[in-house]
Amino acid sequence: MKNVNQQPPVNQPGLYQIKVRGRLDESWSSWFDDMAITTECGHDGRPVTTLTGTVSDQAALHGLLSRIRDLGLPLLLVQCMEDRRSSM
């Protein structure tokens, strides 16, 4: 089992998944640093958009989260799927 206190490195890239309530189509990908964008219906029937891709460091992650905030999209999930240390 993964240690819950383990933190992704702040200055190295990692693969992230970010979920927000609302609909963004693939045309937003370049504004979100070329992350893959998919949208599906949530369990309540409302749209949920998932952004998946490599984020260069924590500063870049905070920039992405600021863009989400600026669009007024409710944040549902931010998850580091893997960091570069675990794949080396």
# chains A, B, ... in the order shown; residues from 1 in each chain; ligands from 1
>>> residues_around(residues="range 27-36 of chain A", least_positions_apart="6", cutoff="12 Å", atoms="only C-alpha atoms", output="PyMOL selection string")
chain A and resi 15-19+49-56+60-68+71
>>> write_last_selection(atoms="C-alpha atoms", output="short mmCIF file (atom, residue, chain, number, x, y, z; two decimals), in the first residue's frame")
data_model
loop_
_atom_site.label_atom_id
_atom_site.label_comp_id
_atom_site.auth_asym_id
_atom_site.auth_seq_id
_atom_site.Cartn_x
_atom_site.Cartn_y
_atom_site.Cartn_z
CA LEU A 15 1.19 12.65 -14.47
CA TYR A 16 -1.95 14.30 -13.08
CA GLN A 17 -5.68 13.79 -13.36
CA ILE A 18 -7.90 16.78 -12.57
CA LYS A 19 -11.70 16.53 -12.51
CA THR A 49 -14.62 17.01 -17.32
CA THR A 50 -11.34 15.17 -16.74
CA LEU A 51 -7.99 16.72 -17.66
CA THR A 52 -5.10 14.26 -17.83
CA GLY A 53 -1.48 14.94 -18.64
CA THR A 54 2.04 15.63 -17.51
CA VAL A 55 2.52 18.70 -15.34
CA SER A 56 6.09 19.99 -15.23
CA ALA A 60 2.61 24.65 -13.22
CA LEU A 61 -0.03 22.67 -11.30
CA HIS A 62 -1.02 25.77 -9.35
CA GLY A 63 -1.26 27.67 -12.64
CA LEU A 64 -3.67 25.06 -14.03
CA LEU A 65 -5.75 25.20 -10.86
CA SER A 66 -5.88 29.01 -11.12
CA ARG A 67 -7.25 28.71 -14.67
CA ILE A 68 -9.93 26.31 -13.43
CA LEU A 71 -13.47 29.73 -15.25
#
>>> residues_around(residues="Leu73 in chain A", least_positions_apart="4", cutoff="7 Å", atoms="only C-alpha atoms", output="MDAnalysis selection string")
chainID A and resid 20:22 68:69
>>> select_by_dssp(residues="range 14-66 of chain A", states="strand (DSSP E)", output="MDAnalysis selection string")
chainID A and resid 14:21 36:41 47:55
>>> atom_distance(atom1="CA of Ile37 in chain A", atom2="CA of Leu24 in chain A")
7.4 Å
>>> atom_distance(atom1="CA of Glu26 in chain A", atom2="CA of Gln12 in chain A")
25.9 Å
>>> residues_around(residues="Arg23 in chain A", least_positions_apart="2", cutoff="7 Å", atoms="only C-alpha atoms", output="VMD selection string")
chain A and resid 25 39 47 to 49
>>> write_last_selection(atoms="N, CA and C atoms", output="PDB file, in the first residue's frame")
ATOM      1  N   ASP A  25     -14.647  21.191 -23.867  1.00  0.00           N
ATOM      2  CA  ASP A  25     -14.324  20.295 -24.974  1.00  0.00           C
ATOM      3  C   ASP A  25     -12.830  20.340 -25.265  1.00  0.00           C
ATOM      4  N   THR A  39     -15.028  14.401 -21.336  1.00  0.00           N
ATOM      5  CA  THR A  39     -16.209  14.781 -20.563  1.00  0.00           C
ATOM      6  C   THR A  39     -17.175  13.610 -20.546  1.00  0.00           C
ATOM      7  N   PRO A  47     -22.456  17.113 -16.228  1.00  0.00           N
ATOM      8  CA  PRO A  47     -21.167  16.808 -16.867  1.00  0.00           C
ATOM      9  C   PRO A  47     -19.983  16.966 -15.915  1.00  0.00           C
ATOM     10  N   VAL A  48     -19.027  16.060 -16.090  1.00  0.00           N
ATOM     11  CA  VAL A  48     -17.752  16.094 -15.373  1.00  0.00           C
ATOM     12  C   VAL A  48     -16.654  16.024 -16.427  1.00  0.00           C
ATOM     13  N   THR A  49     -15.742  16.984 -16.385  1.00  0.00           N
ATOM     14  CA  THR A  49     -14.618  17.012 -17.319  1.00  0.00           C
ATOM     15  C   THR A  49     -13.360  16.545 -16.603  1.00  0.00           C
TER      16      THR A  49
END
>>> select_by_dssp(residues="chain A", states="alpha helix (DSSP H)", output="list in words")
Gln58, Ala59, Ala60, Leu61, His62, Gly63, Leu64, Leu65, Ser66, Arg67, Ile68, Arg69, Asp70 and Leu71 of chain A
>>> decode(residues="range 20-86 of chain A", atoms="C-alpha atoms", output="short mmCIF file (atom, residue, chain, number, x, y, z; two decimals), in the first residue's frame")
data_model
loop_
_atom_site.label_atom_id
_atom_site.label_comp_id
_atom_site.auth_asym_id
_atom_site.auth_seq_id
_atom_site.Cartn_x
_atom_site.Cartn_y
_atom_site.Cartn_z
CA VAL A 20 -14.07 19.48 -12.58
CA ARG A 21 -17.84 19.86 -12.66
CA GLY A 22 -18.88 21.24 -16.02
CA ARG A 23 -18.16 20.74 -19.69
CA LEU A 24 -14.96 21.64 -21.50
CA ASP A 25 -14.32 20.30 -24.97
CA GLU A 26 -10.99 19.35 -26.51
CA SER A 27 -10.55 22.87 -27.91
CA TRP A 28 -9.54 23.98 -24.37
CA SER A 29 -6.54 21.61 -24.38
CA SER A 30 -3.96 24.22 -25.42
CA TRP A 31 -5.13 26.58 -22.65
CA PHE A 32 -4.53 23.73 -20.18
CA ASP A 33 -0.97 22.97 -21.35
CA ASP A 34 -2.07 20.35 -23.92
CA MET A 35 -3.71 18.07 -21.36
CA ALA A 36 -6.13 15.45 -22.73
CA ILE A 37 -9.73 16.48 -22.04
CA THR A 38 -12.67 14.10 -21.73
CA THR A 39 -16.21 14.78 -20.56
CA GLU A 40 -18.75 12.32 -19.24
CA CYS A 41 -21.95 12.41 -17.22
CA GLY A 42 -21.49 12.21 -13.48
CA HIS A 43 -23.63 9.98 -11.28
CA ASP A 44 -26.09 12.88 -10.90
CA GLY A 45 -26.39 13.39 -14.68
CA ARG A 46 -24.33 16.60 -14.72
CA PRO A 47 -21.17 16.81 -16.87
CA VAL A 48 -17.75 16.09 -15.37
CA THR A 49 -14.62 17.01 -17.32
CA THR A 50 -11.34 15.17 -16.74
CA LEU A 51 -7.99 16.72 -17.66
CA THR A 52 -5.10 14.26 -17.83
CA GLY A 53 -1.48 14.94 -18.64
CA THR A 54 2.04 15.63 -17.51
CA VAL A 55 2.52 18.70 -15.34
CA SER A 56 6.09 19.99 -15.23
CA ASP A 57 6.16 20.95 -11.52
CA GLN A 58 4.02 22.22 -8.65
CA ALA A 59 4.14 25.80 -9.91
CA ALA A 60 2.61 24.65 -13.22
CA LEU A 61 -0.03 22.67 -11.30
CA HIS A 62 -1.02 25.77 -9.35
CA GLY A 63 -1.26 27.67 -12.64
CA LEU A 64 -3.67 25.06 -14.03
CA LEU A 65 -5.75 25.20 -10.86
CA SER A 66 -5.88 29.01 -11.12
CA ARG A 67 -7.25 28.71 -14.67
CA ILE A 68 -9.93 26.31 -13.43
CA ARG A 69 -10.82 28.77 -10.65
CA ASP A 70 -10.95 31.66 -13.12
CA LEU A 71 -13.47 29.73 -15.25
CA GLY A 72 -15.63 29.17 -12.17
CA LEU A 73 -15.53 25.39 -12.51
CA PRO A 74 -15.99 23.48 -9.24
CA LEU A 75 -12.91 21.34 -8.56
CA LEU A 76 -13.74 17.69 -7.83
CA LEU A 77 -10.36 15.91 -7.85
CA VAL A 78 -6.64 16.52 -8.21
CA GLN A 79 -4.63 13.31 -8.27
CA CYS A 80 -0.98 12.60 -9.01
CA MET A 81 -1.10 9.34 -10.96
CA GLU A 82 2.67 8.87 -11.09
CA ASP A 83 5.73 10.97 -10.68
CA ARG A 84 8.99 10.63 -12.57
CA ARG A 85 10.81 9.20 -9.55
CA SER A 86 8.58 6.10 -9.51
#
